[in-house]
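*Asks:* input.txt is reproduced below (compact mmCIF, C-alpha atoms).
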```
# COMPACT_ATOMS: atom_id res chain seq x y z
CA MET R 90 86.61 -14.88 165.18
CA ALA R 91 87.27 -14.36 168.87
CA ALA R 92 90.71 -13.36 170.05
CA PRO R 93 92.76 -15.74 172.20
CA ARG R 94 91.90 -15.63 175.87
CA MET R 95 93.87 -13.07 177.82
CA ALA R 96 95.45 -13.19 181.21
CA PRO R 97 93.26 -11.84 184.03
CA LEU R 98 93.41 -8.10 184.44
CA SER R 99 94.68 -6.57 187.65
CA GLY R 100 91.86 -4.04 187.96
CA MET R 101 91.53 -0.28 188.15
CA SER R 102 93.49 1.74 190.68
CA ARG R 103 91.95 4.87 192.20
CA ARG R 104 94.40 7.02 190.25
CA LEU R 105 93.52 5.40 186.94
CA THR R 106 89.79 5.59 187.70
CA PHE R 107 90.07 9.32 188.42
CA LEU R 108 92.12 9.83 185.24
CA PHE R 109 89.50 8.03 183.13
CA ALA R 110 86.72 10.10 184.72
CA LEU R 111 88.62 13.34 184.07
CA ALA R 112 89.37 12.44 180.46
CA ALA R 113 85.76 11.35 179.82
CA GLY R 114 84.46 14.64 181.24
CA VAL R 115 86.86 16.75 179.19
CA ALA R 116 86.00 14.82 176.02
CA VAL R 117 82.24 15.21 176.36
CA GLY R 118 82.72 18.84 177.41
CA ASN R 119 84.05 19.54 173.90
CA LEU R 120 80.49 19.06 172.63
CA TYR R 121 79.16 21.92 174.77
CA TRP R 122 81.83 24.66 174.79
CA ALA R 123 80.05 26.58 172.02
CA GLN R 124 76.53 26.25 173.38
CA PRO R 125 76.45 29.32 175.68
CA LEU R 126 78.71 31.33 173.32
CA LEU R 127 76.50 31.57 170.24
CA GLY R 128 75.89 35.28 170.77
CA PHE R 129 79.61 35.99 171.15
CA ILE R 130 80.48 33.94 168.09
CA ALA R 131 77.71 35.44 165.95
CA GLY R 132 78.89 38.98 166.74
CA ASP R 133 82.56 38.23 166.12
CA LEU R 134 82.01 36.39 162.83
CA HIS R 135 79.27 38.78 161.65
CA VAL R 136 76.44 36.26 161.30
CA THR R 137 73.00 35.98 162.86
CA THR R 138 72.44 34.02 166.06
CA ALA R 139 70.22 31.63 164.09
CA THR R 140 73.13 30.89 161.74
CA ALA R 141 75.45 30.39 164.71
CA GLY R 142 72.94 27.87 166.07
CA TRP R 143 74.01 25.49 163.31
CA LEU R 144 77.33 25.13 165.15
CA ILE R 145 75.62 23.01 167.80
CA THR R 146 73.94 20.90 165.13
CA ALA R 147 77.27 20.31 163.37
CA THR R 148 78.91 19.19 166.61
CA GLN R 149 76.10 16.83 167.55
CA LEU R 150 75.85 15.29 164.08
CA GLY R 151 79.62 14.77 164.03
CA TYR R 152 79.42 13.11 167.43
CA ALA R 153 76.69 10.75 166.23
CA VAL R 154 78.90 9.72 163.30
CA GLY R 155 81.88 9.17 165.60
CA VAL R 156 79.88 7.05 168.03
CA LEU R 157 78.44 4.88 165.25
CA LEU R 158 81.59 4.42 163.16
CA LEU R 159 84.54 4.77 165.54
CA VAL R 160 83.53 3.65 169.04
CA PRO R 161 83.03 -0.02 167.98
CA LEU R 162 86.72 -0.08 167.05
CA GLY R 163 87.43 -0.18 170.78
CA ASP R 164 86.68 -3.92 170.64
CA VAL R 165 89.27 -4.66 167.93
CA LEU R 166 92.06 -2.07 168.39
CA ASP R 167 94.73 -1.46 171.01
CA ARG R 168 92.99 1.17 173.12
CA ARG R 169 96.28 2.31 174.66
CA ARG R 170 97.00 3.86 171.25
CA PHE R 171 93.45 4.43 170.01
CA VAL R 172 92.41 6.76 172.85
CA PRO R 173 95.47 9.09 172.59
CA ILE R 174 95.09 9.25 168.80
CA MET R 175 91.47 10.36 169.18
CA LEU R 176 92.49 12.96 171.79
CA LEU R 177 95.23 14.36 169.56
CA THR R 178 92.86 14.52 166.59
CA SER R 179 90.27 16.36 168.66
CA ALA R 180 93.03 18.73 169.85
CA ALA R 181 93.76 19.62 166.23
CA ALA R 182 90.05 20.27 165.63
CA LEU R 183 89.88 22.43 168.77
CA LEU R 184 92.86 24.47 167.61
CA LEU R 185 91.14 25.00 164.25
CA CYS R 186 88.05 26.21 166.14
CA ALA R 187 90.18 28.72 168.03
CA LEU R 188 91.70 30.06 164.80
CA ALA R 189 88.62 29.84 162.56
CA PRO R 190 88.38 33.00 160.39
CA SER R 191 84.78 32.39 159.27
CA ILE R 192 81.58 30.62 160.23
CA GLY R 193 82.15 28.04 157.48
CA VAL R 194 85.54 27.02 158.85
CA LEU R 195 84.14 26.90 162.37
CA LEU R 196 81.26 24.68 161.22
CA LEU R 197 83.74 22.28 159.62
CA ALA R 198 86.02 22.30 162.66
CA LEU R 199 83.17 21.61 165.09
CA GLY R 200 81.90 18.78 162.88
CA VAL R 201 85.35 17.16 162.96
CA LEU R 202 85.52 17.80 166.70
CA GLY R 203 82.23 15.96 167.18
CA VAL R 204 83.49 12.94 165.22
CA THR R 205 86.76 12.70 167.15
CA THR R 206 85.74 13.63 170.69
CA ILE R 207 84.61 10.09 171.51
CA SER R 208 87.31 9.21 174.02
CA GLY R 209 84.80 9.06 176.86
CA GLN R 210 82.76 6.44 175.02
CA ILE R 211 85.91 4.32 174.61
CA LEU R 212 87.21 4.81 178.14
CA THR R 213 83.96 3.78 179.84
CA PRO R 214 83.86 0.23 178.43
CA LEU R 215 87.64 0.03 178.88
CA ALA R 216 87.12 0.75 182.58
CA GLY R 217 84.57 -2.07 182.62
CA ASP R 218 87.16 -4.39 181.07
CA LEU R 219 89.90 -3.46 183.53
CA ALA R 220 87.69 -3.60 186.63
CA GLY R 221 87.03 -6.83 188.48
CA ASP R 222 83.52 -8.27 188.53
CA ALA R 223 82.96 -7.22 192.14
CA GLN R 224 83.92 -3.60 191.45
CA ARG R 225 82.65 -3.04 187.90
CA GLY R 226 79.51 -1.14 188.83
CA ARG R 227 81.39 1.24 191.12
CA ILE R 228 84.19 1.87 188.61
CA VAL R 229 81.82 2.43 185.68
CA GLY R 230 79.77 4.72 187.92
CA VAL R 231 82.78 6.89 188.74
CA VAL R 232 83.83 7.19 185.09
CA GLY R 233 80.22 7.88 184.07
CA SER R 234 80.07 10.61 186.72
CA GLY R 235 83.04 12.25 185.02
CA THR R 236 80.98 12.35 181.83
CA LEU R 237 78.03 13.99 183.60
CA THR R 238 80.39 16.51 185.22
CA GLY R 239 81.71 17.43 181.77
CA ILE R 240 78.19 17.94 180.41
CA LEU R 241 77.06 20.13 183.30
CA ALA R 242 80.27 22.06 184.02
CA SER R 243 81.35 22.79 180.45
CA ARG R 244 78.64 25.39 179.86
CA THR R 245 79.54 27.24 183.05
CA ILE R 246 83.28 27.13 182.41
CA SER R 247 82.84 28.21 178.79
CA GLY R 248 80.75 31.23 179.71
CA LEU R 249 83.15 32.38 182.42
CA VAL R 250 86.25 32.00 180.21
CA ALA R 251 84.58 33.76 177.28
CA ASP R 252 83.57 36.69 179.49
CA ALA R 253 87.16 37.05 180.69
CA ALA R 254 89.20 36.30 177.55
CA GLY R 255 86.99 35.84 174.50
CA TRP R 256 85.28 32.81 172.98
CA ARG R 257 88.37 31.52 171.13
CA THR R 258 90.30 31.06 174.38
CA ILE R 259 88.18 28.16 175.64
CA PHE R 260 88.90 26.16 172.48
CA ALA R 261 92.63 26.86 172.73
CA LEU R 262 92.73 25.80 176.38
CA ALA R 263 90.72 22.66 175.59
CA ALA R 264 93.23 21.78 172.84
CA VAL R 265 96.14 22.03 175.27
CA LEU R 266 94.30 19.91 177.83
CA ALA R 267 93.51 17.24 175.21
CA VAL R 268 97.21 16.96 174.29
CA LEU R 269 98.22 16.63 177.94
CA LEU R 270 95.59 13.94 178.55
CA ALA R 271 96.74 12.04 175.45
CA ILE R 272 100.28 11.87 176.83
CA VAL R 273 99.20 10.90 180.34
CA LEU R 274 96.73 8.25 179.16
CA TYR R 275 99.26 6.66 176.81
CA ARG R 276 101.52 6.18 179.82
CA ALA R 277 98.73 5.07 182.16
CA ILE R 278 96.64 2.62 180.10
CA PRO R 279 98.10 -0.89 180.33
CA PRO R 280 98.81 -2.81 177.10
CA LEU R 281 95.72 -4.79 176.12
CA ALA R 282 95.19 -7.24 173.29
CA PRO R 283 91.94 -6.68 171.33
CA ARG R 284 88.96 -8.52 172.78
CA THR R 285 87.93 -9.87 169.37
CA ARG R 286 88.96 -9.74 165.72
CA MET R 287 86.65 -9.22 162.77
CA PRO R 288 86.49 -7.16 159.55
CA TYR R 289 85.25 -3.59 159.96
CA PRO R 290 81.93 -4.06 158.04
CA GLN R 291 81.13 -7.07 160.20
CA LEU R 292 82.10 -5.12 163.32
CA ILE R 293 79.65 -2.32 162.52
CA ALA R 294 76.91 -4.77 161.55
CA SER R 295 77.37 -6.62 164.85
CA VAL R 296 76.16 -3.54 166.77
CA GLY R 297 72.73 -3.92 165.20
CA ALA R 298 72.92 -7.69 165.47
CA VAL R 299 73.20 -7.72 169.25
CA VAL R 300 70.32 -5.24 169.61
CA ALA R 301 68.16 -7.39 167.34
CA ARG R 302 69.09 -10.63 169.10
CA GLU R 303 69.20 -9.68 172.77
CA ARG R 304 65.83 -8.71 174.26
CA ALA R 305 67.46 -7.39 177.44
CA VAL R 306 69.50 -4.94 175.36
CA ARG R 307 66.41 -3.58 173.58
CA TRP R 308 64.47 -3.06 176.81
CA THR R 309 67.46 -1.43 178.50
CA LEU R 310 67.99 0.90 175.52
CA VAL R 311 64.35 2.02 175.77
CA LEU R 312 64.81 2.94 179.44
CA ALA R 313 68.12 4.68 178.73
CA ALA R 314 66.77 6.72 175.80
CA THR R 315 63.75 7.74 177.88
CA GLY R 316 66.07 8.97 180.61
CA PHE R 317 68.08 11.13 178.21
CA ALA R 318 64.87 12.45 176.64
CA ALA R 319 63.67 13.55 180.09
CA PHE R 320 67.07 15.06 180.90
CA SER R 321 67.25 17.03 177.64
CA LEU R 322 63.60 18.08 177.88
CA PHE R 323 64.14 19.57 181.33
CA TRP R 324 67.47 21.33 180.72
CA THR R 325 66.45 22.78 177.36
CA ALA R 326 63.22 24.19 178.77
CA LEU R 327 65.02 25.42 181.90
CA THR R 328 67.00 27.85 179.74
CA PHE R 329 63.72 29.27 178.39
CA LEU R 330 62.28 29.55 181.90
CA LEU R 331 65.27 31.29 183.47
CA SER R 332 65.82 33.73 180.60
CA GLY R 333 62.22 34.97 180.66
CA PRO R 334 59.95 36.51 183.30
CA PRO R 335 59.95 36.44 186.27
CA PHE R 336 63.67 35.51 186.46
CA ARG R 337 65.28 37.20 183.41
CA TYR R 338 68.73 35.86 184.29
CA PRO R 339 71.74 36.50 181.99
CA VAL R 340 73.53 33.59 180.32
CA ALA R 341 76.33 33.47 182.90
CA VAL R 342 73.83 33.06 185.76
CA ILE R 343 71.80 30.44 183.88
CA GLY R 344 74.98 28.42 183.40
CA LEU R 345 75.55 28.34 187.15
CA PHE R 346 72.34 26.33 187.63
CA GLY R 347 74.22 23.43 186.04
CA LEU R 348 76.31 23.27 189.21
CA ALA R 349 73.20 22.20 191.14
CA GLY R 350 72.98 19.22 188.82
CA LEU R 351 76.42 18.06 189.95
CA ALA R 352 74.64 16.32 192.82
CA GLY R 353 74.08 13.62 190.24
CA VAL R 354 77.82 13.05 190.25
CA LEU R 355 77.67 11.92 193.88
CA SER R 356 74.97 9.42 192.96
CA GLY R 357 77.29 8.09 190.26
CA LEU R 358 80.10 7.68 192.77
CA ARG R 359 77.88 5.67 195.12
CA GLY R 360 75.18 4.26 192.87
CA GLY R 361 77.47 1.80 191.12
CA ARG R 362 77.77 -0.11 194.39
CA LEU R 363 74.07 -0.96 194.08
CA HIS R 364 74.81 -2.86 190.87
CA ASP R 365 77.75 -4.66 192.48
CA ARG R 366 75.46 -5.80 195.31
CA GLY R 367 72.83 -7.15 192.91
CA TRP R 368 70.31 -4.34 193.46
CA SER R 369 70.49 -2.86 189.99
CA LEU R 370 66.88 -3.37 188.90
CA PRO R 371 65.23 -2.37 192.21
CA ALA R 372 67.43 0.74 192.31
CA THR R 373 66.47 1.58 188.72
CA GLY R 374 62.79 1.55 189.68
CA ALA R 375 63.48 3.74 192.73
CA ALA R 376 65.41 6.19 190.53
CA TRP R 377 62.44 6.58 188.18
CA VAL R 378 60.11 7.19 191.13
CA LEU R 379 62.48 9.95 192.25
CA ALA R 380 62.52 11.42 188.71
CA LEU R 381 58.72 11.44 188.67
CA THR R 382 58.69 13.26 192.01
CA ALA R 383 61.22 15.77 190.66
CA PHE R 384 58.98 16.70 187.72
CA VAL R 385 56.02 17.11 190.09
CA VAL R 386 58.10 19.49 192.23
CA ALA R 387 59.27 21.30 189.09
CA ALA R 388 55.65 21.88 188.06
CA PHE R 389 55.28 24.18 191.09
CA ALA R 390 58.68 25.87 190.61
CA ALA R 391 57.91 28.28 187.76
CA ARG R 392 58.34 31.22 190.18
CA SER R 393 60.50 29.70 192.90
CA VAL R 394 64.28 29.36 192.64
CA VAL R 395 64.38 27.18 195.77
CA LEU R 396 61.89 24.64 194.40
CA LEU R 397 63.67 24.73 191.06
CA ILE R 398 67.03 23.85 192.63
CA ILE R 399 65.41 21.04 194.63
CA ALA R 400 63.90 19.66 191.42
CA ILE R 401 67.26 19.90 189.61
CA VAL R 402 69.08 17.99 192.34
CA MET R 403 66.41 15.28 192.53
CA LEU R 404 66.17 14.87 188.77
CA ASP R 405 69.91 14.67 188.17
CA VAL R 406 70.43 12.17 191.00
CA ALA R 407 67.62 10.03 189.60
CA LEU R 408 68.60 10.14 185.94
CA GLN R 409 72.33 9.76 186.59
CA THR R 410 71.67 6.72 188.78
CA GLN R 411 69.44 4.96 186.27
CA ALA R 412 71.86 5.78 183.44
CA LEU R 413 74.89 4.22 185.13
CA LEU R 414 72.86 1.17 186.21
CA ASN R 415 71.72 0.65 182.61
CA ARG R 416 75.33 0.80 181.42
CA ALA R 417 76.62 -1.54 184.13
CA ARG R 418 73.97 -4.16 183.29
CA LEU R 419 74.79 -4.00 179.58
CA PHE R 420 78.51 -4.35 180.25
CA ALA R 421 77.76 -7.55 182.18
CA LEU R 422 76.23 -9.09 179.04
CA SER R 423 79.51 -9.62 177.18
CA HIS R 424 83.20 -9.31 177.99
CA GLU R 425 84.24 -9.02 174.36
CA ALA R 426 81.74 -6.52 172.97
CA ARG R 427 81.52 -3.74 175.53
CA SER R 428 82.52 -1.03 173.05
CA ARG R 429 79.78 -2.15 170.64
CA LEU R 430 77.22 -2.35 173.43
CA ASN R 431 78.28 1.14 174.48
CA THR R 432 77.83 2.26 170.86
CA ALA R 433 74.23 1.04 170.88
CA LEU R 434 73.65 2.69 174.26
CA ALA R 435 75.19 6.03 173.26
CA THR R 436 73.28 6.08 169.95
CA GLY R 437 69.99 5.46 171.72
CA ASN R 438 70.83 8.14 174.28
CA PHE R 439 71.64 10.60 171.49
CA VAL R 440 68.29 9.92 169.79
CA GLY R 441 66.47 10.33 173.10
CA ALA R 442 68.26 13.60 173.86
CA ALA R 443 67.47 14.97 170.41
CA ILE R 444 63.79 14.11 170.80
CA GLY R 445 63.71 15.66 174.28
CA SER R 446 65.32 18.89 173.10
CA ALA R 447 62.98 19.22 170.11
CA ALA R 448 59.97 18.44 172.30
CA ALA R 449 60.99 21.10 174.82
CA THR R 450 61.01 23.79 172.14
CA ALA R 451 57.61 22.75 170.77
CA LEU R 452 56.03 22.31 174.19
CA TRP R 453 57.34 25.65 175.42
CA SER R 454 55.67 27.41 172.50
CA ALA R 455 52.43 25.50 173.05
CA GLY R 456 52.06 25.60 176.82
CA GLY R 457 55.17 26.89 178.56
CA TRP R 458 56.66 25.35 181.68
CA THR R 459 53.41 23.55 182.56
CA ALA R 460 53.40 21.64 179.27
CA VAL R 461 57.06 20.71 179.75
CA THR R 462 56.57 19.31 183.25
CA ILE R 463 53.49 17.35 182.17
CA ALA R 464 55.56 15.81 179.36
CA GLY R 465 58.36 14.99 181.80
CA THR R 466 55.90 13.35 184.17
CA THR R 467 54.51 11.31 181.27
CA LEU R 468 58.01 10.12 180.31
CA CYS R 469 58.67 9.00 183.88
CA CYS R 470 55.36 7.11 184.01
CA PHE R 471 56.23 5.41 180.72
CA ALA R 472 59.64 4.39 182.08
CA LEU R 473 58.05 3.00 185.24
CA ILE R 474 55.65 0.91 183.13
CA VAL R 475 58.60 -0.48 181.13
CA TRP R 476 60.47 -1.21 184.35
CA THR R 477 57.46 -2.90 185.97
CA LEU R 478 56.88 -5.15 182.96
CA GLY R 479 60.55 -5.97 182.49
CA ARG R 480 62.08 -6.23 185.94
CA ARG R 481 61.43 -9.97 186.29
CA GLY R 482 62.14 -10.93 182.69
CA PRO R 483 63.13 -8.75 179.71
CA LEU R 484 65.34 -6.38 181.74
CA VAL R 485 67.27 -9.16 183.48
CA ILE R 486 70.77 -9.50 182.03
CA ARG R 487 72.13 -13.02 181.83
CA VAL R 488 75.82 -12.60 182.65
CA ALA R 489 78.01 -14.08 179.93
CA PRO R 490 81.01 -16.34 180.65
CA PRO R 491 84.40 -14.70 180.01
CA ASP R 492 84.97 -16.34 176.63
CA ASN R 493 81.56 -15.59 175.14
CA ALA R 494 81.78 -12.99 172.39
CA ILE R 495 79.02 -11.27 170.54
CA GLN R 496 79.87 -11.85 166.94
CA GLY R 497 78.80 -10.17 163.75
CA ALA R 498 75.59 -10.50 161.81
```
Produce structure tokens that represent the structure in this file.

*Replies:*
Amino acid sequence: MAAPRMAPLSGMSRRLTFLFALAAGVAVGNLYWAQPLLGFIAGDLHVTTATAGWLITATQLGYAVGVLLLVPLGDVLDRRRFVPIMLLTSAAALLLCALAPSIGVLLLALGVLGVTTISGQILTPLAGDLAGDAQRGRIVGVVGSGTLTGILASRTISGLVADAAGWRTIFALAAVLAVLLAIVLYRAIPPLAPRTRMPYPQLIASVGAVVARERAVRWTLVLAATGFAAFSLFWTALTFLLSGPPFRYPVAVIGLFGLAGLAGVLSGLRGGRLHDRGWSLPATGAAWVLALTAFVVAAFAARSVVLLIIAIVMLDVALQTQALLNRARLFALSHEARSRLNTALATGNFVGAAIGSAAATALWSAGGWTAVTIAGTTLCCFALIVWTLGRRGPLVIRVAPPDNAIQGA
């Protein structure tokens, strides 16, 4: 049953947009603090590096559970309270990580952290709700850029902090920051009635229902998952490339390459305007052409840092742009179900990223950097075929009227 119609929203101020972007970046950064620290953690807790590798798996699996089971609640709960509660819960998990006496406790803490660090996936559709129709693409782009910044910068920050003060310090600092953000966001988010009301089982079932019913959602999810597969494929293999000959860079230096990818943030800040001007689908096609070019450049960069940085910038601009355009189009489909649409999008992205990461490992063993870049080129060609077939039909989102809700199965 749909909730009563609400008064028009006043929109997102610049201050609130920046706050949402910051909070989204910090939240997603929690998933990656441990990634460059596995060697430190393994030595301190007296386990093998292979055993410490399960920490990343625990975090990612927890995150998948949180996205599937908690993010849809953004459509039926007061997000002014829901977001701070999630931040405070993740702060408790972060503190447990900092104090963990054994690998078992740390595994448990990181699993809980993954489940609860979903604030970014709630704030992004909330920003879409608060923004006016003419500004939605730009606002969602800015908040999405905060997420990308968190993904790329967290590894670098984590490595630098761990070198200076030990691996536990980054988790303690992240816990403090989560508490501060919870307080600030509770004060900043305006009171909002739930967009719809339905029992929890029906709410969860409605995520699959909209994917099954809406062809535009399915086609958009395919493009989005392909983008995250290409992103994960490249960045996973890049670590292998930079740690081996001829580069042989240490972990701290490898982490700095993530800063080159922050060029994608600028595309997020500007790219949302393309959606607002009605150029979303043409811009998506152009982004995939740029991604294809980036993988071609990367194929010749196995011994050139300059070409590698050029490829990183091109690829991150391309994939960030297409990702935010996908999200903006989905958010235009329904005013009442943006959290559930975001759940479907985030789940598809997670699956794509997992496939890309696994493929990078297998391809690196089979054919090194050449095999990886060929696979990336193939993914881009596949995405361009999907875009070409869908740009005049299946990928076109029919904008819903304000009182149209996506209901349960």

*Asks:* Could the residues of stretch 370-486 of chain R that have an atom at most 12 Å from stretch 241-244 of chain R be listed as JSON lines, each with its closest atom pair and the distance in Å to one decimal, counting only C-alpha atoms and ordered by chain and ascending residue number?

*Replies:*
```
{"residue": "R:Ile401", "atom": "CA", "partner": "R:Leu241", "partner_atom": "CA", "distance": 11.7}
{"residue": "R:Asp405", "atom": "CA", "partner": "R:Leu241", "partner_atom": "CA", "distance": 10.2}
{"residue": "R:Gln409", "atom": "CA", "partner": "R:Leu241", "partner_atom": "CA", "distance": 11.9}
```

*Asks:* Of the candidates R:Val402, R:Ala113, R:Ala372, R:Ala147, which shows the shortest atom-to-atom distance to R:Gly209, using all atoms listed in the file?

*Replies:*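 The answer is R:Ala113, which sits nearest to R:Gly209.
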
*Asks:* Which neighbours of R:Asp365 fall inside 8 Å, counting all atoms listed in the file, when residues of the same chain fewer than 6 positions from it are skipped, and could you give them as a PyMOL selection string?

*Replies:* chain R and resi 222-227

*Asks:* So which residues touch stretch 177-183 of chain R within 10 Å, counting only C-alpha atoms, skipping near sequence neighbours fewer than 4 positions away, as a ChimeraX atom specification?

*Replies:* /R:116,119,172-173,187-189,195,197-208,257,259-272

*Asks:* Write out as a PyMOL selection string each polymer residue whose atoms come within 10 Å of stretch 288-304 of chain R, counting all atoms listed in the file; drop sequence neighbours fewer than 6 positions from it.

*Replies:* chain R and resi 90+157-162+164-165+310+422+426+428-434+482-486+495-498

*Asks:* Suppose you want the space between atom CA of R:Ala443 and atom CA of R:Ile240; what is it in Å?

*Replies:*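 Pair atom CA of R:Ala443 / atom CA of R:Ile240 returns 15.0 Å.
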
*Asks:* Please determine, counting all atoms listed in the file, which residue among R:Met101, R:Leu478, R:Ala251, R:Leu196 has the shortest atom-to-atom distance to R:Thr148.

*Replies:* R:Leu196

*Asks:* If we count all atoms listed in the file, what is near R:Phe107 at a cut-off of 12 Å, once residues fewer than 3 positions away on the same chain are taken out, given as a list of chain:residue names?

*Replies:*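 Result of the neighbour search: R:Met101, R:Ser102, R:Arg103, R:Arg104, R:Ala110, R:Leu111, R:Ala112, R:Ala113, R:Gly114, R:Leu212, R:Thr213, R:Ala216, R:Ile228, R:Val229, R:Gly230, R:Val231, R:Val232, R:Gly233, R:Ser234, R:Gly235, R:Thr236, R:Leu274, R:Ala277, R:Leu358.
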
*Asks:* Might you pull out every residue within 10 Å of R:Leu330, with all atoms listed in the file counted and same-chain residues fewer than 2 positions away left off, and present them as JSON, numbers by chain?

*Replies:* {"R": [324, 325, 326, 327, 328, 332, 333, 334, 335, 336, 337, 338, 343, 391, 392, 453, 457, 458]}

*Asks:* With all atoms listed in the file counted, which protein, DNA or RNA residues have an atom no more than 9 Å from (62.3, -5.0, 184.9) in the file frame? Please answer as an mmCIF file with C-alpha atoms, in the coordinates of the input.

*Replies:*
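Listed below is the output, out.cif:
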```
data_model
loop_
_atom_site.group_PDB
_atom_site.id
_atom_site.type_symbol
_atom_site.label_atom_id
_atom_site.label_comp_id
_atom_site.auth_asym_id
_atom_site.auth_seq_id
_atom_site.Cartn_x
_atom_site.Cartn_y
_atom_site.Cartn_z
ATOM 1 C CA TRP R 308 64.470 -3.060 176.810
ATOM 2 C CA THR R 309 67.460 -1.430 178.500
ATOM 3 C CA LEU R 370 66.880 -3.370 188.900
ATOM 4 C CA PRO R 371 65.230 -2.370 192.210
ATOM 5 C CA THR R 373 66.470 1.580 188.720
ATOM 6 C CA GLY R 374 62.790 1.550 189.680
ATOM 7 C CA VAL R 475 58.600 -0.480 181.130
ATOM 8 C CA TRP R 476 60.470 -1.210 184.350
ATOM 9 C CA THR R 477 57.460 -2.900 185.970
ATOM 10 C CA LEU R 478 56.880 -5.150 182.960
ATOM 11 C CA GLY R 479 60.550 -5.970 182.490
ATOM 12 C CA ARG R 480 62.080 -6.230 185.940
ATOM 13 C CA ARG R 481 61.430 -9.970 186.290
ATOM 14 C CA GLY R 482 62.140 -10.930 182.690
ATOM 15 C CA PRO R 483 63.130 -8.750 179.710
ATOM 16 C CA LEU R 484 65.340 -6.380 181.740
ATOM 17 C CA VAL R 485 67.270 -9.160 183.480
#
```

*Asks:* Pick from R:His364, R:Gln124, R:Gly347, R:Leu219: nearest to R:Thr146, with all atoms listed in the file counted?

*Replies:*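 The answer is R:Gln124, which sits nearest to R:Thr146.
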
*Asks:* Distance cut-off 10 Å, centre (67.8, 8.3, 196.2) in file coordinates, counting all atoms listed in the file: which residues qualify? Return them as a list in words.

*Replies:*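 I get Ser356, Gly360, Ala372, Ala375, Ala376, Trp377, Val378, Leu379, Ala380, Met403, Val406, Ala407 and Thr410 of chain R for the residues within 10 Å of that point.
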
*Asks:* For the atom pair atom CA of R:Ala390 and atom CA of R:Thr459, what is the interatomic distance in Å to one decimal place?

*Replies:*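 Separating atom CA of R:Ala390 from atom CA of R:Thr459 is a distance of 9.9 Å.
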
*Asks:* What separation in Å, quoted to one decimal, exists between atom CA of R:Leu108 and atom CA of R:Tyr275?

*Replies:* 11.5 Å
